[in-house]
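As provided, query-v9.pdb (PDB, C-alpha atoms, pLDDT in the B column) reads as follows.
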ATOM      1  CA  MET A   1     -57.761-114.937  49.611  1.00 81.00           C
ATOM      2  CA  THR A   2     -57.165-111.554  47.995  1.00 89.00           C
ATOM      3  CA  THR A   3     -56.792-111.370  44.229  1.00 96.00           C
ATOM      4  CA  THR A   4     -56.352-108.218  42.214  1.00 97.00           C
ATOM      5  CA  VAL A   5     -56.031-107.907  38.421  1.00 97.00           C
ATOM      6  CA  ARG A   6     -55.496-104.450  37.003  1.00 98.00           C
ATOM      7  CA  LEU A   7     -54.713-103.105  33.547  1.00 98.00           C
ATOM      8  CA  GLN A   8     -53.548 -99.521  33.515  1.00 98.00           C
ATOM      9  CA  ARG A   9     -51.646 -96.905  31.565  1.00 98.00           C
ATOM     10  CA  GLU A  10     -50.119 -95.403  34.722  1.00 98.00           C
ATOM     11  CA  ARG A  11     -47.012 -96.608  36.535  1.00 97.00           C
ATOM     12  CA  PHE A  12     -47.354 -98.818  39.603  1.00 98.00           C
ATOM     13  CA  ASP A  13     -45.520 -99.086  42.906  1.00 98.00           C
ATOM     14  CA  ALA A  14     -44.345-102.705  43.373  1.00 97.00           C
ATOM     15  CA  ALA A  15     -43.422-102.247  47.044  1.00 97.00           C
ATOM     16  CA  ALA A  16     -46.789-100.680  47.879  1.00 97.00           C
ATOM     17  CA  GLU A  17     -48.682-103.473  46.074  1.00 97.00           C
ATOM     18  CA  SER A  18     -46.707-106.118  47.947  1.00 97.00           C
ATOM     19  CA  ALA A  19     -47.313-104.372  51.283  1.00 97.00           C
ATOM     20  CA  LYS A  20     -51.052-104.192  50.509  1.00 96.00           C
ATOM     21  CA  LEU A  21     -51.211-107.997  50.252  1.00 94.00           C
ATOM     22  CA  THR A  22     -49.611-108.643  53.617  1.00 95.00           C
ATOM     23  CA  ARG A  23     -50.939-105.746  55.706  1.00 95.00           C
ATOM     24  CA  GLY A  24     -52.603-106.852  58.927  1.00 94.00           C
ATOM     25  CA  ARG A  25     -52.007-110.581  58.365  1.00 94.00           C
ATOM     26  CA  SER A  26     -49.761-113.062  60.114  1.00 95.00           C
ATOM     27  CA  ASP A  27     -50.559-116.189  58.046  1.00 96.00           C
ATOM     28  CA  ILE A  28     -48.397-115.137  55.082  1.00 97.00           C
ATOM     29  CA  GLY A  29     -44.834-116.406  55.333  1.00 97.00           C
ATOM     30  CA  ALA A  30     -43.638-115.730  51.782  1.00 98.00           C
ATOM     31  CA  VAL A  31     -44.197-113.061  49.152  1.00 98.00           C
ATOM     32  CA  VAL A  32     -42.670-113.239  45.687  1.00 98.00           C
ATOM     33  CA  THR A  33     -42.687-110.037  43.638  1.00 98.00           C
ATOM     34  CA  PHE A  34     -41.806-110.127  39.949  1.00 98.00           C
ATOM     35  CA  THR A  35     -41.466-106.923  37.937  1.00 98.00           C
ATOM     36  CA  GLY A  36     -40.958-106.934  34.167  1.00 97.00           C
ATOM     37  CA  ILE A  37     -39.050-103.843  33.021  1.00 97.00           C
ATOM     38  CA  CYS A  38     -38.602-102.241  29.589  1.00 97.00           C
ATOM     39  CA  ARG A  39     -34.976-102.756  28.470  1.00 95.00           C
ATOM     40  CA  GLY A  40     -33.089 -99.977  26.693  1.00 96.00           C
ATOM     41  CA  GLU A  41     -31.754-102.133  23.913  1.00 92.00           C
ATOM     42  CA  GLU A  42     -32.709-105.005  21.690  1.00 85.00           C
ATOM     43  CA  ALA A  43     -30.236-107.093  19.683  1.00 82.00           C
ATOM     44  CA  GLY A  44     -27.486-104.568  20.442  1.00 88.00           C
ATOM     45  CA  ALA A  45     -29.422-101.533  19.197  1.00 89.00           C
ATOM     46  CA  PRO A  46     -30.928 -98.883  21.499  1.00 95.00           C
ATOM     47  CA  ILE A  47     -34.717 -98.668  21.615  1.00 95.00           C
ATOM     48  CA  ALA A  48     -36.740 -95.489  22.202  1.00 96.00           C
ATOM     49  CA  ALA A  49     -39.865 -97.101  23.676  1.00 97.00           C
ATOM     50  CA  LEU A  50     -42.279-100.001  23.670  1.00 97.00           C
ATOM     51  CA  THR A  51     -45.959 -99.496  22.951  1.00 97.00           C
ATOM     52  CA  LEU A  52     -48.311-102.141  24.277  1.00 98.00           C
ATOM     53  CA  GLU A  53     -51.649-102.712  22.583  1.00 98.00           C
ATOM     54  CA  HIS A  54     -54.195-104.886  24.369  1.00 98.00           C
ATOM     55  CA  TYR A  55     -57.693-106.340  24.055  1.00 98.00           C
ATOM     56  CA  PRO A  56     -59.156-104.731  27.182  1.00 95.00           C
ATOM     57  CA  ASP A  57     -62.023-106.998  28.288  1.00 94.00           C
ATOM     58  CA  MET A  58     -60.352-110.203  27.216  1.00 97.00           C
ATOM     59  CA  ALA A  59     -57.003-109.324  28.834  1.00 98.00           C
ATOM     60  CA  GLU A  60     -58.659-108.830  32.191  1.00 96.00           C
ATOM     61  CA  GLU A  61     -60.723-112.031  31.895  1.00 96.00           C
ATOM     62  CA  GLU A  62     -57.799-114.104  30.615  1.00 97.00           C
ATOM     63  CA  ILE A  63     -55.477-112.974  33.420  1.00 97.00           C
ATOM     64  CA  ALA A  64     -58.230-113.612  35.985  1.00 97.00           C
ATOM     65  CA  ARG A  65     -58.652-117.162  34.584  1.00 96.00           C
ATOM     66  CA  HIS A  66     -54.941-117.839  35.100  1.00 96.00           C
ATOM     67  CA  VAL A  67     -54.974-116.320  38.567  1.00 98.00           C
ATOM     68  CA  ALA A  68     -57.864-118.684  39.415  1.00 97.00           C
ATOM     69  CA  GLU A  69     -55.871-121.598  38.001  1.00 96.00           C
ATOM     70  CA  ALA A  70     -52.809-120.632  40.070  1.00 97.00           C
ATOM     71  CA  CYS A  71     -55.016-120.492  43.169  1.00 97.00           C
ATOM     72  CA  ALA A  72     -56.337-123.979  42.394  1.00 97.00           C
ATOM     73  CA  ARG A  73     -52.820-125.395  41.917  1.00 97.00           C
ATOM     74  CA  TRP A  74     -51.017-123.855  44.889  1.00 97.00           C
ATOM     75  CA  PRO A  75     -52.057-122.880  48.432  1.00 97.00           C
ATOM     76  CA  LEU A  76     -51.906-119.124  47.805  1.00 98.00           C
ATOM     77  CA  LEU A  77     -53.070-116.455  50.227  1.00 98.00           C
ATOM     78  CA  GLY A  78     -52.984-113.516  47.822  1.00 97.00           C
ATOM     79  CA  VAL A  79     -52.245-112.644  44.184  1.00 98.00           C
ATOM     80  CA  THR A  80     -51.854-109.290  42.467  1.00 98.00           C
ATOM     81  CA  VAL A  81     -51.268-108.870  38.736  1.00 98.00           C
ATOM     82  CA  ILE A  82     -50.871-105.439  37.154  1.00 98.00           C
ATOM     83  CA  HIS A  83     -50.151-105.064  33.440  1.00 98.00           C
ATOM     84  CA  ARG A  84     -49.517-101.697  31.832  1.00 98.00           C
ATOM     85  CA  TYR A  85     -50.434-100.693  28.293  1.00 98.00           C
ATOM     86  CA  GLY A  86     -49.619 -97.688  26.130  1.00 98.00           C
ATOM     87  CA  ARG A  87     -46.151 -96.209  25.559  1.00 97.00           C
ATOM     88  CA  ILE A  88     -43.449 -97.321  27.988  1.00 98.00           C
ATOM     89  CA  VAL A  89     -39.875 -96.003  27.883  1.00 97.00           C
ATOM     90  CA  PRO A  90     -36.710 -97.937  28.892  1.00 98.00           C
ATOM     91  CA  GLY A  91     -36.339 -98.313  32.646  1.00 97.00           C
ATOM     92  CA  GLU A  92     -40.094 -98.203  33.287  1.00 98.00           C
ATOM     93  CA  ASP A  93     -42.018-101.130  34.719  1.00 97.00           C
ATOM     94  CA  ILE A  94     -44.353-103.079  32.394  1.00 98.00           C
ATOM     95  CA  VAL A  95     -45.833-105.870  34.468  1.00 98.00           C
ATOM     96  CA  LEU A  96     -46.106-106.867  38.128  1.00 98.00           C
ATOM     97  CA  VAL A  97     -46.919-110.253  39.633  1.00 98.00           C
ATOM     98  CA  VAL A  98     -47.112-110.622  43.415  1.00 98.00           C
ATOM     99  CA  THR A  99     -47.904-113.980  45.004  1.00 98.00           C
ATOM    100  CA  ALA A 100     -48.291-114.633  48.727  1.00 98.00           C
ATOM    101  CA  SER A 101     -48.374-117.954  50.529  1.00 98.00           C
ATOM    102  CA  SER A 102     -47.430-119.457  53.887  1.00 97.00           C
ATOM    103  CA  HIS A 103     -44.280-120.986  52.357  1.00 96.00           C
ATOM    104  CA  ARG A 104     -41.926-119.934  49.588  1.00 97.00           C
ATOM    105  CA  GLN A 105     -42.316-122.871  47.170  1.00 97.00           C
ATOM    106  CA  ALA A 106     -45.923-122.072  46.281  1.00 98.00           C
ATOM    107  CA  ALA A 107     -45.215-118.337  45.968  1.00 98.00           C
ATOM    108  CA  PHE A 108     -42.202-118.874  43.643  1.00 98.00           C
ATOM    109  CA  ALA A 109     -43.947-121.473  41.479  1.00 98.00           C
ATOM    110  CA  ALA A 110     -47.188-119.495  41.118  1.00 98.00           C
ATOM    111  CA  ALA A 111     -45.346-116.298  40.166  1.00 98.00           C
ATOM    112  CA  GLU A 112     -43.394-118.139  37.475  1.00 97.00           C
ATOM    113  CA  PHE A 113     -46.524-119.907  36.209  1.00 97.00           C
ATOM    114  CA  LEU A 114     -48.400-116.606  35.949  1.00 97.00           C
ATOM    115  CA  MET A 115     -45.562-114.882  34.083  1.00 97.00           C
ATOM    116  CA  ASP A 116     -45.167-117.774  31.638  1.00 95.00           C
ATOM    117  CA  TYR A 117     -48.872-117.592  30.830  1.00 94.00           C
ATOM    118  CA  LEU A 118     -48.972-113.787  30.643  1.00 94.00           C
ATOM    119  CA  LYS A 119     -46.267-113.951  27.967  1.00 92.00           C
ATOM    120  CA  THR A 120     -48.137-116.325  25.681  1.00 91.00           C
ATOM    121  CA  ARG A 121     -51.873-116.157  26.493  1.00 94.00           C
ATOM    122  CA  ALA A 122     -52.694-112.644  27.704  1.00 96.00           C
ATOM    123  CA  PRO A 123     -53.822-110.548  24.710  1.00 98.00           C
ATOM    124  CA  PHE A 124     -51.080-107.916  24.654  1.00 98.00           C
ATOM    125  CA  TRP A 125     -48.857-107.012  21.705  1.00 97.00           C
ATOM    126  CA  LYS A 126     -45.594-105.092  21.934  1.00 97.00           C
ATOM    127  CA  GLN A 127     -44.392-102.689  19.305  1.00 97.00           C
ATOM    128  CA  VAL A 128     -40.797-101.493  19.547  1.00 96.00           C
ATOM    129  CA  GLU A 129     -39.627 -98.021  18.491  1.00 95.00           C
ATOM    130  CA  LYS A 130     -36.082 -98.296  17.207  1.00 92.00           C
ATOM    131  CA  SER A 131     -34.072 -96.083  14.815  1.00 85.00           C
ATOM    132  CA  GLY A 132     -37.191 -94.051  14.042  1.00 86.00           C
ATOM    133  CA  ALA A 133     -39.214 -97.102  12.968  1.00 92.00           C
ATOM    134  CA  LYS A 134     -41.983 -99.005  14.754  1.00 94.00           C
ATOM    135  CA  ASN A 135     -42.068-102.789  14.501  1.00 95.00           C
ATOM    136  CA  TRP A 136     -44.200-105.470  16.104  1.00 96.00           C
ATOM    137  CA  VAL A 137     -42.252-107.762  18.397  1.00 93.00           C
ATOM    138  CA  ALA A 138     -42.342-111.398  17.211  1.00 91.00           C
ATOM    139  CA  ALA A 139     -43.477-114.055  19.678  1.00 88.00           C
ATOM    140  CA  LYS A 140     -40.659-116.253  20.970  1.00 87.00           C
ATOM    141  CA  ASP A 141     -40.680-120.053  20.799  1.00 85.00           C
ATOM    142  CA  SER A 142     -38.851-120.052  24.149  1.00 85.00           C
ATOM    143  CA  ASP A 143     -41.871-118.326  25.746  1.00 87.00           C
ATOM    144  CA  ASP A 144     -44.224-120.960  24.290  1.00 86.00           C
ATOM    145  CA  ALA A 145     -41.958-123.689  25.637  1.00 86.00           C
ATOM    146  CA  ALA A 146     -41.894-122.047  29.077  1.00 87.00           C
ATOM    147  CA  ALA A 147     -45.715-121.955  29.198  1.00 87.00           C
ATOM    148  CA  ALA A 148     -46.042-125.506  27.820  1.00 87.00           C
ATOM    149  CA  ARG A 149     -44.055-127.055  30.660  1.00 88.00           C
ATOM    150  CA  TRP A 150     -46.892-126.239  33.122  1.00 86.00           C
ATOM    151  CA  ARG A 151     -49.452-128.201  31.117  1.00 84.00           C
ATOM    152  CA  GLY A 152     -50.579-131.341  32.843  1.00 70.00           C
ATOM    153  CA  LYS A 153     -48.172-130.700  35.679  1.00 65.00           C
ATOM    154  CA  ALA A 154     -49.675-131.178  39.121  1.00 51.00           C
ATOM    155  CA  ALA A 155     -49.107-128.697  41.940  1.00 47.00           C
ATOM    156  CA  GLU A 156     -45.975-129.388  43.926  1.00 45.00           C
TER     157      GLU A 156
ATOM    158  CA  MET B   1     -71.578-110.080  14.642  1.00 95.00           C
ATOM    159  CA  LYS B   2     -68.677-107.907  15.706  1.00 98.00           C
ATOM    160  CA  ILE B   3     -65.204-108.708  14.351  1.00 98.00           C
ATOM    161  CA  ARG B   4     -62.202-107.145  16.092  1.00 98.00           C
ATOM    162  CA  TYR B   5     -58.612-106.968  14.894  1.00 98.00           C
ATOM    163  CA  PHE B   6     -55.478-106.306  16.920  1.00 98.00           C
ATOM    164  CA  ALA B   7     -51.808-105.401  16.325  1.00 98.00           C
ATOM    165  CA  TRP B   8     -50.591-106.059  12.768  1.00 98.00           C
ATOM    166  CA  VAL B   9     -53.821-107.798  11.770  1.00 98.00           C
ATOM    167  CA  ARG B  10     -55.605-104.512  12.627  1.00 98.00           C
ATOM    168  CA  GLU B  11     -53.029-102.466  10.703  1.00 98.00           C
ATOM    169  CA  ARG B  12     -53.305-104.645   7.620  1.00 98.00           C
ATOM    170  CA  VAL B  13     -57.115-104.720   7.584  1.00 98.00           C
ATOM    171  CA  GLY B  14     -57.080-100.973   8.240  1.00 98.00           C
ATOM    172  CA  LYS B  15     -59.712-100.892  10.990  1.00 98.00           C
ATOM    173  CA  PRO B  16     -60.001-102.024  14.605  1.00 98.00           C
ATOM    174  CA  GLU B  17     -63.472-103.565  14.300  1.00 98.00           C
ATOM    175  CA  GLU B  18     -66.513-103.981  12.092  1.00 98.00           C
ATOM    176  CA  GLU B  19     -69.960-105.530  12.058  1.00 98.00           C
ATOM    177  CA  ILE B  20     -70.505-108.387   9.616  1.00 97.00           C
ATOM    178  CA  GLU B  21     -73.373-110.587   8.570  1.00 94.00           C
ATOM    179  CA  LEU B  22     -72.027-114.118   8.876  1.00 93.00           C
ATOM    180  CA  PRO B  23     -72.599-116.024   5.592  1.00 94.00           C
ATOM    181  CA  ALA B  24     -74.680-119.182   6.015  1.00 93.00           C
ATOM    182  CA  ASP B  25     -71.868-121.442   4.751  1.00 95.00           C
ATOM    183  CA  VAL B  26     -69.313-120.191   7.299  1.00 97.00           C
ATOM    184  CA  ALA B  27     -69.391-122.505  10.315  1.00 97.00           C
ATOM    185  CA  THR B  28     -65.904-122.430  11.834  1.00 98.00           C
ATOM    186  CA  VAL B  29     -63.244-119.855  12.721  1.00 98.00           C
ATOM    187  CA  ALA B  30     -61.012-121.175   9.897  1.00 98.00           C
ATOM    188  CA  GLU B  31     -63.852-120.773   7.389  1.00 98.00           C
ATOM    189  CA  LEU B  32     -64.433-117.235   8.630  1.00 98.00           C
ATOM    190  CA  MET B  33     -60.749-116.434   8.010  1.00 98.00           C
ATOM    191  CA  ASP B  34     -61.042-117.879   4.477  1.00 97.00           C
ATOM    192  CA  TRP B  35     -64.133-115.763   3.848  1.00 98.00           C
ATOM    193  CA  LEU B  36     -62.549-112.592   5.264  1.00 98.00           C
ATOM    194  CA  ALA B  37     -59.401-113.154   3.155  1.00 98.00           C
ATOM    195  CA  GLY B  38     -61.588-113.002   0.041  1.00 97.00           C
ATOM    196  CA  ARG B  39     -63.074-109.591   0.864  1.00 96.00           C
ATOM    197  CA  GLY B  40     -60.295-107.494  -0.683  1.00 97.00           C
ATOM    198  CA  GLU B  41     -56.584-106.852  -0.946  1.00 98.00           C
ATOM    199  CA  GLU B  42     -56.152-105.604   2.629  1.00 98.00           C
ATOM    200  CA  TYR B  43     -57.942-108.678   4.021  1.00 98.00           C
ATOM    201  CA  ALA B  44     -55.966-111.026   1.781  1.00 98.00           C
ATOM    202  CA  TYR B  45     -52.768-109.420   3.120  1.00 98.00           C
ATOM    203  CA  ALA B  46     -53.908-109.615   6.763  1.00 98.00           C
ATOM    204  CA  PHE B  47     -54.913-113.261   6.435  1.00 98.00           C
ATOM    205  CA  GLU B  48     -52.179-114.406   4.012  1.00 96.00           C
ATOM    206  CA  ASN B  49     -50.559-116.623   6.655  1.00 94.00           C
ATOM    207  CA  ARG B  50     -53.559-117.990   8.526  1.00 94.00           C
ATOM    208  CA  THR B  51     -51.580-120.525  10.538  1.00 94.00           C
ATOM    209  CA  VAL B  52     -49.993-117.776  12.671  1.00 95.00           C
ATOM    210  CA  ILE B  53     -53.226-115.866  13.355  1.00 97.00           C
ATOM    211  CA  ARG B  54     -54.920-116.522  16.687  1.00 97.00           C
ATOM    212  CA  ALA B  55     -58.620-116.113  17.380  1.00 98.00           C
ATOM    213  CA  ALA B  56     -60.909-115.538  20.328  1.00 98.00           C
ATOM    214  CA  ILE B  57     -64.674-116.018  20.503  1.00 98.00           C
ATOM    215  CA  ASP B  58     -66.400-113.832  23.060  1.00 98.00           C
ATOM    216  CA  ARG B  59     -63.031-113.106  24.700  1.00 97.00           C
ATOM    217  CA  THR B  60     -61.884-116.726  25.024  1.00 97.00           C
ATOM    218  CA  HIS B  61     -59.034-118.301  22.996  1.00 97.00           C
ATOM    219  CA  VAL B  62     -60.288-120.785  20.389  1.00 97.00           C
ATOM    220  CA  ARG B  63     -58.757-123.055  17.754  1.00 97.00           C
ATOM    221  CA  PRO B  64     -59.412-122.580  14.013  1.00 97.00           C
ATOM    222  CA  GLU B  65     -61.676-125.636  13.873  1.00 97.00           C
ATOM    223  CA  THR B  66     -64.002-124.214  16.562  1.00 98.00           C
ATOM    224  CA  THR B  67     -67.629-123.741  15.505  1.00 97.00           C
ATOM    225  CA  ILE B  68     -68.726-120.108  15.685  1.00 97.00           C
ATOM    226  CA  GLY B  69     -72.286-120.799  16.830  1.00 93.00           C
ATOM    227  CA  ARG B  70     -74.020-117.854  18.477  1.00 91.00           C
ATOM    228  CA  ALA B  71     -70.886-115.824  19.132  1.00 94.00           C
ATOM    229  CA  SER B  72     -71.341-112.079  19.443  1.00 96.00           C
ATOM    230  CA  GLU B  73     -67.693-111.095  19.076  1.00 97.00           C
ATOM    231  CA  ILE B  74     -64.772-112.735  17.257  1.00 98.00           C
ATOM    232  CA  ALA B  75     -61.253-111.320  17.433  1.00 98.00           C
ATOM    233  CA  PHE B  76     -58.223-112.044  15.242  1.00 98.00           C
ATOM    234  CA  PHE B  77     -54.679-111.217  16.294  1.00 98.00           C
ATOM    235  CA  PRO B  78     -51.023-112.280  16.036  1.00 97.00           C
ATOM    236  CA  PRO B  79     -49.341-114.467  18.682  1.00 96.00           C
ATOM    237  CA  MET B  80     -49.266-112.522  21.935  1.00 96.00           C
ATOM    238  CA  THR B  81     -46.177-110.743  23.241  1.00 95.00           C
ATOM    239  CA  GLY B  82     -47.217-109.416  26.629  1.00 93.00           C
ATOM    240  CA  GLY B  83     -45.548-109.695  30.003  1.00 89.00           C
TER     241      GLY B  83
END

Could you spell out this file's structure in structure tokens?
Amino acid sequence: MTTTVRLQRERFDAAAESAKLTRGRSDIGAVVTFTGICRGEEAGAPIAALTLEHYPDMAEEEIARHVAEACARWPLLGVTVIHRYGRIVPGEDIVLVVTASSHRQAAFAAAEFLMDYLKTRAPFWKQVEKSGAKNWVAAKDSDDAAAARWRGKAAE
Amino acid sequence: MKIRYFAWVRERVGKPEEEIELPADVATVAELMDWLAGRGEEYAYAFENRTVIRAAIDRTHVRPETTIGRASEIAFFPPMTGG
């Protein structure tokens, strides 16, 4: 079982991270790679950038707790989570989740579970630069609902 | 005890962190927010809508009714918007 959690300012290479998880192994039959990307517009208006603030120690611990929970729920063979912070311009990657398992169901479900929790429980806050002004992004009820549906749900 | 603020809570308070001496009558996270809100205009503004503010004790999410106990670090922040 290989798990990696990394917070960094720098860009990441999703393909290289995925390859790292599977290199030299023949027990992995499925890898799901999710990349969250900074969009160039919000509510019809162009944005200049997103700036992500985070609570360094807690973010790493909180993500690691959810990775451990994903590993307890599904038969995973590897997990990598990378979350960037700092200023990110449209088109750049923000977050990466890679899950590996022998079969696809566990890999898909764990990747979705991890993203739903990253959105609502990992201590990161987005600020959007738009029309020369900086504003904090409001949390979405739909993200809370997405995370809530995993509560009390047994592994499938 | 170290208090840390993030995102707009940090902006409103005007500092990222500070050391405080916890008053003897403050037992829970909610009581700490009440006490902080009474420390001045910037704190009152930061904590004006306490129901939306989230807290963490020693880097773990907690509810407002949680007892502070021997915590070494308490953080206050808005709902998270990562991912």

Would you work out the distance separating CA of Glu17 (chain B) from CA of Tyr43 (chain B), expressed in Å to one decimal?
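Answer for the CA of Glu17 (chain B) to CA of Tyr43 (chain B) separation: 12.7 Å.
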
Can you list every residue of chain A that has an atom at most 7 Å from chain B, with its nearest atom pair and the distance in Å to one decimal, using only C-alpha atoms, ordered by chain then number, as CSV?
residue,atom,partner,partner_atom,distance
A:Gly36,CA,B:Gly83,CA,6.8
A:Glu53,CA,B:Ala7,CA,6.8
A:Met58,CA,B:Arg59,CA,4.7
A:Val95,CA,B:Gly83,CA,5.9
A:Met115,CA,B:Gly83,CA,6.6
A:Leu118,CA,B:Gly83,CA,5.4
A:Lys119,CA,B:Gly83,CA,4.8
A:Thr120,CA,B:Met80,CA,5.5
A:Arg121,CA,B:Met80,CA,6.4
A:Ala122,CA,B:Gly82,CA,6.4
A:Pro123,CA,B:Met80,CA,5.7
A:Phe124,CA,B:Gly82,CA,4.6
A:Trp125,CA,B:Thr81,CA,4.8
A:Lys126,CA,B:Thr81,CA,5.8
A:Val137,CA,B:Thr81,CA,6.9
A:Ala139,CA,B:Thr81,CA,5.6

Please compute the CA of Ser102 (chain A)-CA of Leu77 (chain A) distance, one decimal, in Å.
7.4 Å

Evaluating the PyMOL selection byres ((chain A and resi 6) around 8) on the displayed file yields which residues, as a ChimeraX atom specification?
/A:4-5,7-8,60,81-83

Once the PyMOL selection byres ((chain A and resi 41) around 12) has been applied to the shown file, what residues remain in the selection, as a ChimeraX atom specification?
/A:37-40,42-50,89-91,128-131

May I ask for the distance between CA of Arg54 (chain B) and CA of Ala111 (chain A), given in Å to one decimal place?
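These two atoms are separated by 25.4 Å.
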